[in-house]
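Take a look at the structure below.
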Amino acid sequence: MGIKLRGHCFPSLPQRSTIFKIPATKKRKTEPGMETESKGKDNVIDEKLYSRQLYVLGHDAMKKMAVSNVLVIGLRGLGVELAKDIILAGVKSVTLHDDHAVTLFDLSSQYYLSENDIGKPIAATCFEKLSELNNYVATSLHTGEVTEATISRHQVVVMANQPLEEMRRVNQICHSQNIAFVGLDTRGVFGSVFCDFGTQFEINDATGEPAQSVVITGITQENPGIVSVLDEQRIPFEDGDYVTFGEIQGMTQLNNSPARPIKILGPYTFSVEDTTGYTPYSGGGFATQVKQTKTMAFLSLEESLTQPRFLETDFAKMERPPQLHLGFQALWEFHKRHQTLPEPHNEDHAKEVIQIATDINAKVKLADAIDDKLLRLLSFNAIGDLAPMNAFIAGVAAQEVLKACSGKFTPINQWLYYDATEVLPPADTPASEFQPRGSRYDAQIVVLGNTIQQKLEDLNVFTVGAGAIGCELLKLFAMMGIACGKKGNIHVTDMDIIEQSNLSRQFLFRGKDVEQPKSKTAAVAVKNMNPHINIHHYLSRVGPETESTFNETFYRGLDLVANALDNVEARMYMDSQCIYHKKPLLESGTLGTKGNTQVVVPFLTESYGSSRDPPEKSIPICTLHHFPNVIEHTIQWARDVFEGLYHNQAETVNSYLTNSTFFAGLDKQSSGSKIETLSTIKSCLVEDRPKTYEDCLRWARLKYEEYFNNNIQQLLYNFPTDMLTSNGAKFWSGPKRAPSPLKFNPNDETDMLFVSSAAALRAETFGIPVDRDDADYVAQAVDQVKIPAFTPKKNLKIAATDAEAEANKNAPPPEDDDKIIERLTQEIPSPDKYDSFKMKAIDFEKDDDTNHHIDFITATANLRAKNYSITVADKHKVKGIAGKIIPAMVTTTAVVSGLDCLELLKVIQQKPLEQYKNGFVNLALPLFAFSEPLAPPKTKVREDWSWNLWDRIEVDEGDITLQQLMDHIKNKYNLEVTMMSCSASIIYAFFMTKDKLQDRLHKKLTEVITSVNPKAISPTKSSVVLEVCCNRIEDDEEADVPFVKYIFKH
């Protein structure tokens, strides 16, 4: 007897088990029974490939993943999406199993299958393409029965879209052997995830957030002891958190003792144990959070069916998880009875499913009453398959697999149900709309209907960015049939080229594609997934400079814009373009396990720019320069030193050598800045200009002395360790750590790394070859450097606060500054003495491990940390902070792209506001939060006229004069224009002179605009934006009005 699934019949599984394995070192099919081996020898993590993911998971979690074997059962659209995610993430091995034959329905979401594969075994057909994703992951193909012996070889078993009875059997084996089990299922717009990680699953880090520290300002002697912290920020701890203490003066019993739990008392106080017997607190100290291991106990699938624990995914649908729990069981009971799933929009089948759910509920009593309407939709969707829903559910489930492998983050406990019923067409849509048409999109058509499918195929979409989110979006577009019709087109632009670090999450790219353009490579890849897609790629940045390419004609032909960007500036620009051209926008972003999506619909919602995140908190200047207390401070200081020594100095010198107006610009600087600039030029060109690499080593050794000895001694001369403030408190207390100078040690690895990297970069800026850089040679060279004895500068002022620094900056210059400037100017040779010499200004590049950049910053930051008794950081951490690397996970990217495309389905149907969802997810916790987008706020001009950000005063009268435009606004809107500007240039103002007004009022407006701003109107533009200030004529009061879109040609 065959097994029927998704309405199609497949052969029974063969009884014998066969395994084909592919070694991770060679991506080719091997003979049966050949052993699998991994490139990841000795459990070493490829930091270049996994660099962005390492900042999410960390080395320990990645190493655990690298020894984990995962079995994936079910490789249709949902299963292949999960397999893709975990292979890219870097588990040790993935065994693939699905002997069912490929059907036309599978092509709606399984991107590694084609029409030519129909009838072939699914897993065997997509095996090679999955195995190409990551050379470090051994990929195996299992055919035949999944026996207990097969299961026992794996640490995690995943089942996608599998019958409930088979899931019960496999889960029973897994639960008895403490093998983690993840089950996932999608049915059209409905999805579920189930997790069972055994009875004692250990979580090493529940949230993934970095451990926090606080500066202590006081501890009482009582029971319990009350700890007060610096009131610069609220305590980042929670009740029950564990902390350790260090550097406390007086109450030293707390230092370096085991972590203890705390109780939060207020924003700046928490309590600890009884401190009455401890010595009194006298100052200083830090409290640092310590992550504690937690244990979770999971029920088996059999137990959890009747005793389910749900994770809420949408707080507006809190009543639905029990209903869907019953509904999904009812679907599989229907399948068990009829060997097929319910047909789309078959009312008799839906009634039977509802009755089955009712019967189950009578036994387990999960719901007060069955939601007939919801389960009717579930039955209608039973054989449906939507690529966006698969991306979301598989992304969530893949993260659960990684949790099971690593113990990092909190697992789902235990059921997650999600639905997107808002994307479905109206309830009165005739059933004939949902009948398959013999198309590769049939599994989508049975959910959405033929009319929506045609709309998708005719869509014109602009995808901005072809990185991680861009790749996922383009894949989904191809599967959904977007732009696959005669009228449809996808435009994708990205100016970046592919780097190795992209390969762990931008799955359209392979190793052979490194250094190729992202947009072109992505376009070719999705064309291979669906040959019908119409796609054009560009290598252009989006911005004012490319508006000749992405012009008004271009936007006029678009239906929708999908952002896949990684910076706020570009997002804001695209937001403004969508507002101007009245185009819907899908906006999304990720940060490690966190992701967000926002849908922007003209006249319906606010825009991306309507709300902004608060600016990133900056480090106070004095803290950075003199009083660091955490490693982030020393890393930023090192990054600034790098920029000053190897970029800014070179730019200053080159400006002097090549810019004839150099001194005119110099005159605009303060006297202190002038002296600093001229001193830099003199140092680089006269006093310290190196001729050999040995000169660079000598300079580097002297820099070590300056930064880590002399400057520290000077600071302690100005602020001695026993210094008291004006109110009698210790100066070196609270966040101020008293530093100590360092003594250079040629046997110290960090000392030598500073000298060698500083010298190599110095040589690069002056174009000097590095003949030898071995440790013995460097040590010998620096040993010969004579170090002058330090003498403190008695008149040097050092600001203790930013306010003091600002006051010093604004103080009148000393009388002899002019003499110093004159002397320095005379001592620097004229530029013509240097022929064609130029210094090389080095641009910081974090991802090249051979260029000394991160080496220098790591050594510099850690030496300064040693000055201030701050715990040093490894190179990986320094790279992340100095390079401002955005942590990234393929799982989160898949989740947000799926949510994006679900919103796209609403946009093309012009759904009402309440049916759209903005989303925020944190897969680590896990947390899912969805909210209705906000409507755009309105501005009132008068009782009968209010406007929002999508409105504008549109003037389409041809190229008229300025006077005619003002008359038009006066006559049509009853407004008197008082001021008008274009691209920040004023073209009219009531206070202008009479002659200027007369000259401009009777000229064509385009002539006026180009006379004040020649770049405001490009040849490809047919309209411009005018900002106007107006008064209402009826009361002469100022009115806030929208911008004017002035159309001067067609």
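Residues are referred to by chain and number: the chain letter is A, B, ... according to the order shown in the structure tokens, the number counts from 1 in that chain, and ligands are numbered separately from 1 in the order shown.
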Please identify all polymer residues within 9 Å of Met752 in chain A, counting only C-alpha atoms, omitting same-chain residues fewer than 4 positions from it, and present them as a JSON list (two decimals) with all heavy atoms, in the first residue's frame.
[["chain", "number", "residue", "atom", "x", "y", "z"],
["A", 744, "PHE", "N", 58.44, 47.93, 29.21],
["A", 744, "PHE", "CA", 58.54, 47.09, 28.01],
["A", 744, "PHE", "C", 59.29, 45.80, 28.31],
["A", 744, "PHE", "O", 60.34, 45.81, 28.95],
["A", 744, "PHE", "CB", 59.24, 47.86, 26.89],
["A", 744, "PHE", "CG", 59.34, 47.09, 25.60],
["A", 744, "PHE", "CD1", 58.24, 47.00, 24.76],
["A", 744, "PHE", "CD2", 60.51, 46.43, 25.24],
["A", 744, "PHE", "CE1", 58.31, 46.27, 23.59],
["A", 744, "PHE", "CE2", 60.59, 45.70, 24.07],
["A", 744, "PHE", "CZ", 59.48, 45.63, 23.23],
["A", 745, "ASN", "N", 58.72, 44.70, 27.82],
["A", 745, "ASN", "CA", 59.32, 43.38, 28.02],
["A", 745, "ASN", "C", 59.41, 42.67, 26.67],
["A", 745, "ASN", "O", 58.38, 42.31, 26.10],
["A", 745, "ASN", "CB", 58.48, 42.56, 29.00],
["A", 745, "ASN", "CG", 59.04, 41.17, 29.23],
["A", 745, "ASN", "OD1", 60.10, 40.81, 28.71],
["A", 745, "ASN", "ND2", 58.34, 40.39, 30.04],
["A", 746, "PRO", "N", 60.61, 42.48, 26.14],
["A", 746, "PRO", "CA", 60.74, 41.84, 24.82],
["A", 746, "PRO", "C", 60.24, 40.41, 24.80],
["A", 746, "PRO", "O", 60.04, 39.84, 23.72],
["A", 746, "PRO", "CB", 62.24, 41.92, 24.54],
["A", 746, "PRO", "CG", 62.88, 42.08, 25.87],
["A", 746, "PRO", "CD", 61.92, 42.85, 26.70],
["A", 747, "ASN", "N", 60.04, 39.80, 25.98],
["A", 747, "ASN", "CA", 59.52, 38.44, 26.04],
["A", 747, "ASN", "C", 58.00, 38.40, 26.17],
["A", 747, "ASN", "O", 57.41, 37.31, 26.21],
["A", 747, "ASN", "CB", 60.15, 37.69, 27.22],
["A", 747, "ASN", "CG", 61.65, 37.54, 27.06],
["A", 747, "ASN", "OD1", 62.13, 37.21, 25.98],
["A", 747, "ASN", "ND2", 62.40, 37.80, 28.13],
["A", 748, "ASP", "N", 57.40, 39.59, 26.24],
["A", 748, "ASP", "CA", 55.94, 39.66, 26.35],
["A", 748, "ASP", "C", 55.33, 39.70, 24.95],
["A", 748, "ASP", "O", 55.67, 40.55, 24.13],
["A", 748, "ASP", "CB", 55.53, 40.91, 27.14],
["A", 748, "ASP", "CG", 54.03, 40.95, 27.38],
["A", 748, "ASP", "OD1", 53.29, 41.36, 26.46],
["A", 748, "ASP", "OD2", 53.60, 40.58, 28.47],
["A", 756, "SER", "N", 55.82, 45.29, 16.50],
["A", 756, "SER", "CA", 55.93, 44.77, 15.13],
["A", 756, "SER", "C", 54.79, 45.28, 14.25],
["A", 756, "SER", "O", 55.03, 45.66, 13.09],
["A", 756, "SER", "CB", 55.93, 43.24, 15.15],
["A", 756, "SER", "OG", 54.75, 42.73, 15.73],
["A", 757, "SER", "N", 53.56, 45.31, 14.77],
["A", 757, "SER", "CA", 52.44, 45.78, 13.94],
["A", 757, "SER", "C", 52.52, 47.29, 13.73],
["A", 757, "SER", "O", 52.25, 47.78, 12.61],
["A", 757, "SER", "CB", 51.11, 45.39, 14.57],
["A", 757, "SER", "OG", 50.98, 45.93, 15.88],
["A", 775, "ALA", "N", 60.54, 37.45, 14.90],
["A", 775, "ALA", "CA", 60.57, 37.92, 16.29],
["A", 775, "ALA", "C", 61.97, 38.25, 16.77],
["A", 775, "ALA", "O", 62.19, 39.26, 17.46],
["A", 775, "ALA", "CB", 59.92, 36.88, 17.19],
["A", 778, "VAL", "N", 63.15, 41.58, 15.28],
["A", 778, "VAL", "CA", 62.44, 42.71, 15.87],
["A", 778, "VAL", "C", 62.95, 42.96, 17.29],
["A", 778, "VAL", "O", 63.21, 44.11, 17.69],
["A", 778, "VAL", "CB", 60.91, 42.46, 15.87],
["A", 778, "VAL", "CG1", 60.18, 43.55, 16.66],
["A", 778, "VAL", "CG2", 60.38, 42.40, 14.44],
["A", 779, "ALA", "N", 63.09, 41.88, 18.07],
["A", 779, "ALA", "CA", 63.57, 42.03, 19.45],
["A", 779, "ALA", "C", 64.97, 42.65, 19.49],
["A", 779, "ALA", "O", 65.26, 43.51, 20.34],
["A", 779, "ALA", "CB", 63.58, 40.66, 20.14],
["A", 859, "ALA", "N", 46.75, 44.73, 20.31],
["A", 859, "ALA", "CA", 47.89, 44.98, 21.20],
["A", 859, "ALA", "C", 47.74, 46.31, 21.93],
["A", 859, "ALA", "O", 47.95, 46.39, 23.15],
["A", 859, "ALA", "CB", 49.19, 44.96, 20.39]]
Spatial neighbours of Gly644 in chain A, 12 Å, only C-alpha atoms, chain gap at least 6 places, as a PyMOL selection string: chain A and resi 637-638+650-652+676-677+680+762+841-844
I want to know what sits within 10 Å of Lys833 in chain A, based on only C-alpha atoms, with residues of the same chain fewer than 4 positions away left out; could you give that as JSON, numbers by chain? {"A": [657, 829, 837]}
Those same residues - N, CA, C and O atoms - I'd like them written as a compact mmCIF listing (two decimals), in the first residue's frame.
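See out-v2.txt below for the written result:
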# COMPACT_ATOMS: atom_id res chain seq x y z
N LEU A 657 51.28 68.83 1.00
CA LEU A 657 52.14 68.64 -0.17
C LEU A 657 51.44 68.93 -1.49
O LEU A 657 52.08 69.29 -2.48
N PRO A 829 59.93 72.40 5.38
CA PRO A 829 60.32 72.72 4.00
C PRO A 829 59.09 72.88 3.11
O PRO A 829 58.04 72.29 3.37
N PHE A 837 56.56 62.81 -3.67
CA PHE A 837 56.34 62.01 -2.46
C PHE A 837 54.95 62.24 -1.88
O PHE A 837 54.50 63.38 -1.78
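Close contacts of Thr1010 in chain A, defined as residues with an atom at most 12 Å away when counting only C-alpha atoms, with chain neighbours fewer than 6 positions off set aside, comprise A:Ser981, A:Cys982, A:Ser983, A:Ser985, A:Ile986, A:Ile987, A:Arg1000, A:Lys1003, A:Lys1004, A:Ala1016, A:Ile1017, A:Ser1018, A:Pro1019, A:Val1024.
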Residues of the last selection are to be written out with all heavy atoms, as an mmCIF file, in the first residue's frame.
data_model
loop_
_atom_site.group_PDB
_atom_site.id
_atom_site.type_symbol
_atom_site.label_atom_id
_atom_site.label_comp_id
_atom_site.auth_asym_id
_atom_site.auth_seq_id
_atom_site.Cartn_x
_atom_site.Cartn_y
_atom_site.Cartn_z
ATOM 1 N N SER A 981 12.068 76.854 -1.003
ATOM 2 C CA SER A 981 13.436 76.363 -1.200
ATOM 3 C C SER A 981 13.403 75.069 -1.983
ATOM 4 O O SER A 981 12.391 74.363 -2.047
ATOM 5 C CB SER A 981 14.131 76.148 0.144
ATOM 6 O OG SER A 981 13.483 75.128 0.880
ATOM 7 N N CYS A 982 14.559 74.746 -2.574
ATOM 8 C CA CYS A 982 14.726 73.508 -3.336
ATOM 9 C C CYS A 982 16.120 72.969 -3.046
ATOM 10 O O CYS A 982 17.111 73.684 -3.236
ATOM 11 C CB CYS A 982 14.544 73.759 -4.836
ATOM 12 S SG CYS A 982 14.760 72.278 -5.853
ATOM 13 N N SER A 983 16.195 71.743 -2.560
ATOM 14 C CA SER A 983 17.478 71.118 -2.208
ATOM 15 C C SER A 983 18.283 72.015 -1.282
ATOM 16 O O SER A 983 19.482 72.253 -1.496
ATOM 17 C CB SER A 983 18.291 70.789 -3.480
ATOM 18 O OG SER A 983 17.595 69.896 -4.303
ATOM 19 N N SER A 985 18.331 75.107 -0.933
ATOM 20 C CA SER A 985 18.683 76.431 -1.469
ATOM 21 C C SER A 985 17.420 77.278 -1.562
ATOM 22 O O SER A 985 16.419 76.850 -2.150
ATOM 23 C CB SER A 985 19.324 76.306 -2.857
ATOM 24 O OG SER A 985 20.516 75.552 -2.785
ATOM 25 N N ILE A 986 17.464 78.469 -0.985
ATOM 26 C CA ILE A 986 16.294 79.352 -1.003
ATOM 27 C C ILE A 986 16.133 79.952 -2.392
ATOM 28 O O ILE A 986 17.067 80.539 -2.952
ATOM 29 C CB ILE A 986 16.443 80.467 0.041
ATOM 30 C CG1 ILE A 986 16.475 79.872 1.452
ATOM 31 C CG2 ILE A 986 15.296 81.469 -0.078
ATOM 32 C CD1 ILE A 986 16.691 80.893 2.547
ATOM 33 N N ILE A 987 14.938 79.804 -2.951
ATOM 34 C CA ILE A 987 14.682 80.394 -4.269
ATOM 35 C C ILE A 987 13.709 81.574 -4.182
ATOM 36 O O ILE A 987 13.591 82.362 -5.117
ATOM 37 C CB ILE A 987 14.152 79.337 -5.260
ATOM 38 C CG1 ILE A 987 12.896 78.666 -4.727
ATOM 39 C CG2 ILE A 987 15.219 78.308 -5.559
ATOM 40 C CD1 ILE A 987 12.285 77.665 -5.697
ATOM 41 N N ARG A 1000 13.491 87.232 -10.208
ATOM 42 C CA ARG A 1000 13.150 85.809 -10.131
ATOM 43 C C ARG A 1000 11.678 85.515 -10.431
ATOM 44 O O ARG A 1000 11.354 84.480 -11.024
ATOM 45 C CB ARG A 1000 13.490 85.256 -8.750
ATOM 46 C CG ARG A 1000 14.989 85.208 -8.490
ATOM 47 C CD ARG A 1000 15.307 84.526 -7.176
ATOM 48 N NE ARG A 1000 16.743 84.463 -6.972
ATOM 49 C CZ ARG A 1000 17.336 83.870 -5.945
ATOM 50 N NH1 ARG A 1000 16.578 83.297 -5.013
ATOM 51 N NH2 ARG A 1000 18.647 83.857 -5.824
ATOM 52 N N LYS A 1003 10.781 84.668 -14.079
ATOM 53 C CA LYS A 1003 11.566 83.648 -14.781
ATOM 54 C C LYS A 1003 10.892 82.291 -14.607
ATOM 55 O O LYS A 1003 10.164 82.042 -13.651
ATOM 56 C CB LYS A 1003 12.988 83.568 -14.211
ATOM 57 C CG LYS A 1003 13.891 84.715 -14.630
ATOM 58 C CD LYS A 1003 15.288 84.499 -14.050
ATOM 59 C CE LYS A 1003 16.245 85.599 -14.508
ATOM 60 N NZ LYS A 1003 17.603 85.412 -13.930
ATOM 61 N N LYS A 1004 11.195 81.396 -15.580
ATOM 62 C CA LYS A 1004 10.741 80.018 -15.430
ATOM 63 C C LYS A 1004 11.325 79.462 -14.136
ATOM 64 O O LYS A 1004 12.489 79.729 -13.799
ATOM 65 C CB LYS A 1004 11.197 79.166 -16.616
ATOM 66 C CG LYS A 1004 10.630 79.590 -17.958
ATOM 67 C CD LYS A 1004 9.144 79.253 -18.067
ATOM 68 C CE LYS A 1004 8.630 79.539 -19.477
ATOM 69 N NZ LYS A 1004 7.177 79.280 -19.579
ATOM 70 N N ALA A 1016 20.493 70.792 -8.775
ATOM 71 C CA ALA A 1016 19.163 70.420 -8.270
ATOM 72 C C ALA A 1016 18.325 69.712 -9.325
ATOM 73 O O ALA A 1016 17.480 68.878 -8.990
ATOM 74 C CB ALA A 1016 18.426 71.654 -7.770
ATOM 75 N N ILE A 1017 18.555 70.040 -10.603
ATOM 76 C CA ILE A 1017 17.758 69.438 -11.669
ATOM 77 C C ILE A 1017 18.687 68.715 -12.633
ATOM 78 O O ILE A 1017 19.449 69.347 -13.369
ATOM 79 C CB ILE A 1017 16.925 70.495 -12.418
ATOM 80 C CG1 ILE A 1017 15.983 71.217 -11.447
ATOM 81 C CG2 ILE A 1017 16.125 69.842 -13.542
ATOM 82 C CD1 ILE A 1017 15.151 72.309 -12.098
ATOM 83 N N SER A 1018 18.622 67.389 -12.620
ATOM 84 C CA SER A 1018 19.426 66.595 -13.549
ATOM 85 C C SER A 1018 18.642 66.388 -14.839
ATOM 86 O O SER A 1018 17.412 66.542 -14.857
ATOM 87 C CB SER A 1018 19.785 65.251 -12.925
ATOM 88 O OG SER A 1018 18.620 64.477 -12.731
ATOM 89 N N PRO A 1019 19.308 66.007 -15.926
ATOM 90 C CA PRO A 1019 18.610 65.821 -17.211
ATOM 91 C C PRO A 1019 17.506 64.769 -17.161
ATOM 92 O O PRO A 1019 16.573 64.824 -17.951
ATOM 93 C CB PRO A 1019 19.740 65.387 -18.153
ATOM 94 C CG PRO A 1019 20.991 65.928 -17.538
ATOM 95 C CD PRO A 1019 20.767 65.870 -16.070
ATOM 96 N N VAL A 1024 10.634 68.240 -9.287
ATOM 97 C CA VAL A 1024 11.470 68.545 -8.136
ATOM 98 C C VAL A 1024 10.587 68.753 -6.918
ATOM 99 O O VAL A 1024 9.386 69.030 -7.044
ATOM 100 C CB VAL A 1024 12.345 69.804 -8.345
ATOM 101 C CG1 VAL A 1024 13.393 69.578 -9.409
ATOM 102 C CG2 VAL A 1024 11.479 71.013 -8.652
#
Might you pull out every residue within 8 Å of range 880-888 of chain A, with only C-alpha atoms counted and same-chain residues fewer than 2 positions away left off, and present them as a PDB file with N, CA and C atoms, in the first residue's frame?
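As a result, out_17.pdb now contains:
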ATOM      1  N   ARG A  52      30.771  36.382  11.343  1.00  0.00           N
ATOM      2  CA  ARG A  52      29.577  37.091  11.817  1.00  0.00           C
ATOM      3  C   ARG A  52      28.760  36.227  12.767  1.00  0.00           C
ATOM      4  N   GLN A  53      28.742  34.925  12.534  1.00  0.00           N
ATOM      5  CA  GLN A  53      27.989  34.013  13.381  1.00  0.00           C
ATOM      6  C   GLN A  53      28.676  33.811  14.725  1.00  0.00           C
ATOM      7  N   LEU A  54      30.008  33.852  14.741  1.00  0.00           N
ATOM      8  CA  LEU A  54      30.742  33.684  16.000  1.00  0.00           C
ATOM      9  C   LEU A  54      30.386  34.768  17.002  1.00  0.00           C
ATOM     10  N   TYR A  55      30.038  35.956  16.502  1.00  0.00           N
ATOM     11  CA  TYR A  55      29.666  37.039  17.413  1.00  0.00           C
ATOM     12  C   TYR A  55      28.266  36.836  17.992  1.00  0.00           C
ATOM     13  N   VAL A  56      27.537  35.842  17.470  1.00  0.00           N
ATOM     14  CA  VAL A  56      26.245  35.473  18.040  1.00  0.00           C
ATOM     15  C   VAL A  56      26.404  34.298  18.994  1.00  0.00           C
ATOM     16  N   ARG A 505      25.983  32.583   5.431  1.00  0.00           N
ATOM     17  CA  ARG A 505      24.584  32.965   5.579  1.00  0.00           C
ATOM     18  C   ARG A 505      23.964  33.500   4.288  1.00  0.00           C
ATOM     19  N   THR A 590      18.357  42.508  10.811  1.00  0.00           N
ATOM     20  CA  THR A 590      18.682  41.512  11.834  1.00  0.00           C
ATOM     21  C   THR A 590      19.894  41.958  12.627  1.00  0.00           C
ATOM     22  N   LEU A 591      19.975  41.445  13.839  1.00  0.00           N
ATOM     23  CA  LEU A 591      21.133  41.648  14.708  1.00  0.00           C
ATOM     24  C   LEU A 591      21.278  40.375  15.526  1.00  0.00           C
ATOM     25  N   GLY A 592      22.102  39.465  15.025  1.00  0.00           N
ATOM     26  CA  GLY A 592      22.243  38.181  15.690  1.00  0.00           C
ATOM     27  C   GLY A 592      20.952  37.401  15.635  1.00  0.00           C
ATOM     28  N   THR A 593      20.420  37.034  16.797  1.00  0.00           N
ATOM     29  CA  THR A 593      19.156  36.292  16.843  1.00  0.00           C
ATOM     30  C   THR A 593      17.946  37.213  16.839  1.00  0.00           C
ATOM     31  N   GLU A 632      35.891  48.019  26.335  1.00  0.00           N
ATOM     32  CA  GLU A 632      35.347  48.760  25.187  1.00  0.00           C
ATOM     33  C   GLU A 632      35.986  50.142  25.079  1.00  0.00           C
ATOM     34  N   ILE A 635      39.524  49.677  23.586  1.00  0.00           N
ATOM     35  CA  ILE A 635      39.462  49.291  22.164  1.00  0.00           C
ATOM     36  C   ILE A 635      39.137  50.513  21.308  1.00  0.00           C
ATOM     37  N   GLN A 636      38.184  51.334  21.758  1.00  0.00           N
ATOM     38  CA  GLN A 636      37.861  52.539  20.998  1.00  0.00           C
ATOM     39  C   GLN A 636      39.047  53.490  20.958  1.00  0.00           C
ATOM     40  N   ARG A 639      41.421  52.161  18.459  1.00  0.00           N
ATOM     41  CA  ARG A 639      40.899  52.408  17.101  1.00  0.00           C
ATOM     42  C   ARG A 639      41.163  53.854  16.696  1.00  0.00           C
ATOM     43  N   GLU A 845      40.679  48.100   7.697  1.00  0.00           N
ATOM     44  CA  GLU A 845      40.003  46.930   7.121  1.00  0.00           C
ATOM     45  C   GLU A 845      40.071  45.788   8.118  1.00  0.00           C
ATOM     46  N   LYS A 846      38.921  45.407   8.632  1.00  0.00           N
ATOM     47  CA  LYS A 846      38.867  44.431   9.731  1.00  0.00           C
ATOM     48  C   LYS A 846      38.995  42.990   9.281  1.00  0.00           C
ATOM     49  N   ILE A 857      45.481  47.055  16.832  1.00  0.00           N
ATOM     50  CA  ILE A 857      44.422  47.513  17.734  1.00  0.00           C
ATOM     51  C   ILE A 857      44.295  46.572  18.934  1.00  0.00           C
ATOM     52  N   HIS A 876      39.523  38.139  18.623  1.00  0.00           N
ATOM     53  CA  HIS A 876      38.179  38.011  18.062  1.00  0.00           C
ATOM     54  C   HIS A 876      37.247  39.078  18.619  1.00  0.00           C
ATOM     55  N   LYS A 877      37.289  39.267  19.935  1.00  0.00           N
ATOM     56  CA  LYS A 877      36.429  40.271  20.562  1.00  0.00           C
ATOM     57  C   LYS A 877      36.827  41.673  20.113  1.00  0.00           C
ATOM     58  N   VAL A 878      38.121  41.932  20.051  1.00  0.00           N
ATOM     59  CA  VAL A 878      38.600  43.249  19.613  1.00  0.00           C
ATOM     60  C   VAL A 878      38.132  43.533  18.192  1.00  0.00           C
ATOM     61  N   VAL A 890      22.034  32.923   9.841  1.00  0.00           N
ATOM     62  CA  VAL A 890      21.200  32.571   8.698  1.00  0.00           C
ATOM     63  C   VAL A 890      19.773  32.275   9.138  1.00  0.00           C
ATOM     64  N   THR A 892      17.943  33.754  11.554  1.00  0.00           N
ATOM     65  CA  THR A 892      17.186  34.994  11.721  1.00  0.00           C
ATOM     66  C   THR A 892      16.869  35.607  10.366  1.00  0.00           C
ATOM     67  N   THR A 893      17.825  35.539   9.462  1.00  0.00           N
ATOM     68  CA  THR A 893      17.621  36.083   8.120  1.00  0.00           C
ATOM     69  C   THR A 893      16.464  35.381   7.419  1.00  0.00           C
TER      70      THR A 893
END
Please identify every residue of range 568-659 of chain A that has at least one atom no farther than 10 Å from an atom of range 448-464 of chain A, counting only C-alpha atoms, and for each give the shortest atom pair and the distance in Å to one decimal, arranged by chain then increasing number, as a tab-separated table.
residue	atom	partner	partner_atom	distance
A:Ala570	CA	A:Val464	CA	9.3
A:Arg571	CA	A:Val464	CA	9.4
A:Met574	CA	A:Val464	CA	8.6
A:Leu585	CA	A:Phe462	CA	9.5
A:Leu586	CA	A:Thr463	CA	9.5
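Residues in contact range of range 413-422 of chain A, defined as at most 6 Å between only C-alpha atoms, with sequence neighbours fewer than 6 positions away removed, read A:Val189, A:Phe190, A:Gly191, A:Ser192, A:Val193, A:Phe194, A:Cys195, A:Arg309, A:Phe310, A:Leu311, A:Pro321, A:Gln915.
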Just the selected residues (N, CA and C atoms), exported as a CSV table (one decimal), in the first residue's frame, please.
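Output saved as part_4.csv:
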chain,number,residue,atom,x,y,z
A,189,VAL,N,-0.9,28.6,5.3
A,189,VAL,CA,-0.6,29.8,6.2
A,189,VAL,C,-0.5,29.4,7.6
A,190,PHE,N,-0.4,28.1,7.9
A,190,PHE,CA,-0.3,27.6,9.3
A,190,PHE,C,1.0,26.8,9.4
A,191,GLY,N,1.6,27.0,10.6
A,191,GLY,CA,2.9,26.3,10.9
A,191,GLY,C,3.0,25.9,12.3
A,192,SER,N,3.8,24.9,12.6
A,192,SER,CA,4.1,24.5,14.0
A,192,SER,C,5.5,24.0,14.1
A,193,VAL,N,6.0,24.1,15.4
A,193,VAL,CA,7.3,23.5,15.7
A,193,VAL,C,7.1,22.9,17.1
A,194,PHE,N,7.7,21.7,17.2
A,194,PHE,CA,7.7,20.9,18.5
A,194,PHE,C,9.1,20.6,18.9
A,195,CYS,N,9.5,20.8,20.2
A,195,CYS,CA,10.8,20.5,20.6
A,195,CYS,C,10.7,19.5,21.8
A,309,ARG,N,2.5,22.4,26.3
A,309,ARG,CA,3.0,23.7,26.7
A,309,ARG,C,3.3,24.6,25.5
A,310,PHE,N,2.7,25.8,25.5
A,310,PHE,CA,2.7,26.6,24.2
A,310,PHE,C,3.6,27.8,24.4
A,311,LEU,N,4.3,28.2,23.4
A,311,LEU,CA,5.0,29.5,23.3
A,311,LEU,C,4.1,30.4,22.5
A,321,PRO,N,-3.3,28.8,19.8
A,321,PRO,CA,-2.5,27.6,20.0
A,321,PRO,C,-3.2,26.3,20.3
A,915,GLN,N,-4.9,44.4,9.3
A,915,GLN,CA,-4.4,43.0,8.9
A,915,GLN,C,-2.9,43.0,8.6
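Residues in contact range of Arg337 in chain A, defined as at most 12 Å between only C-alpha atoms, with sequence neighbours fewer than 5 positions away removed, read Ile3, Lys4, Ala330, Leu331, Trp332, Pro342, His349, Glu352, Val353 and Ile356 of chain A.
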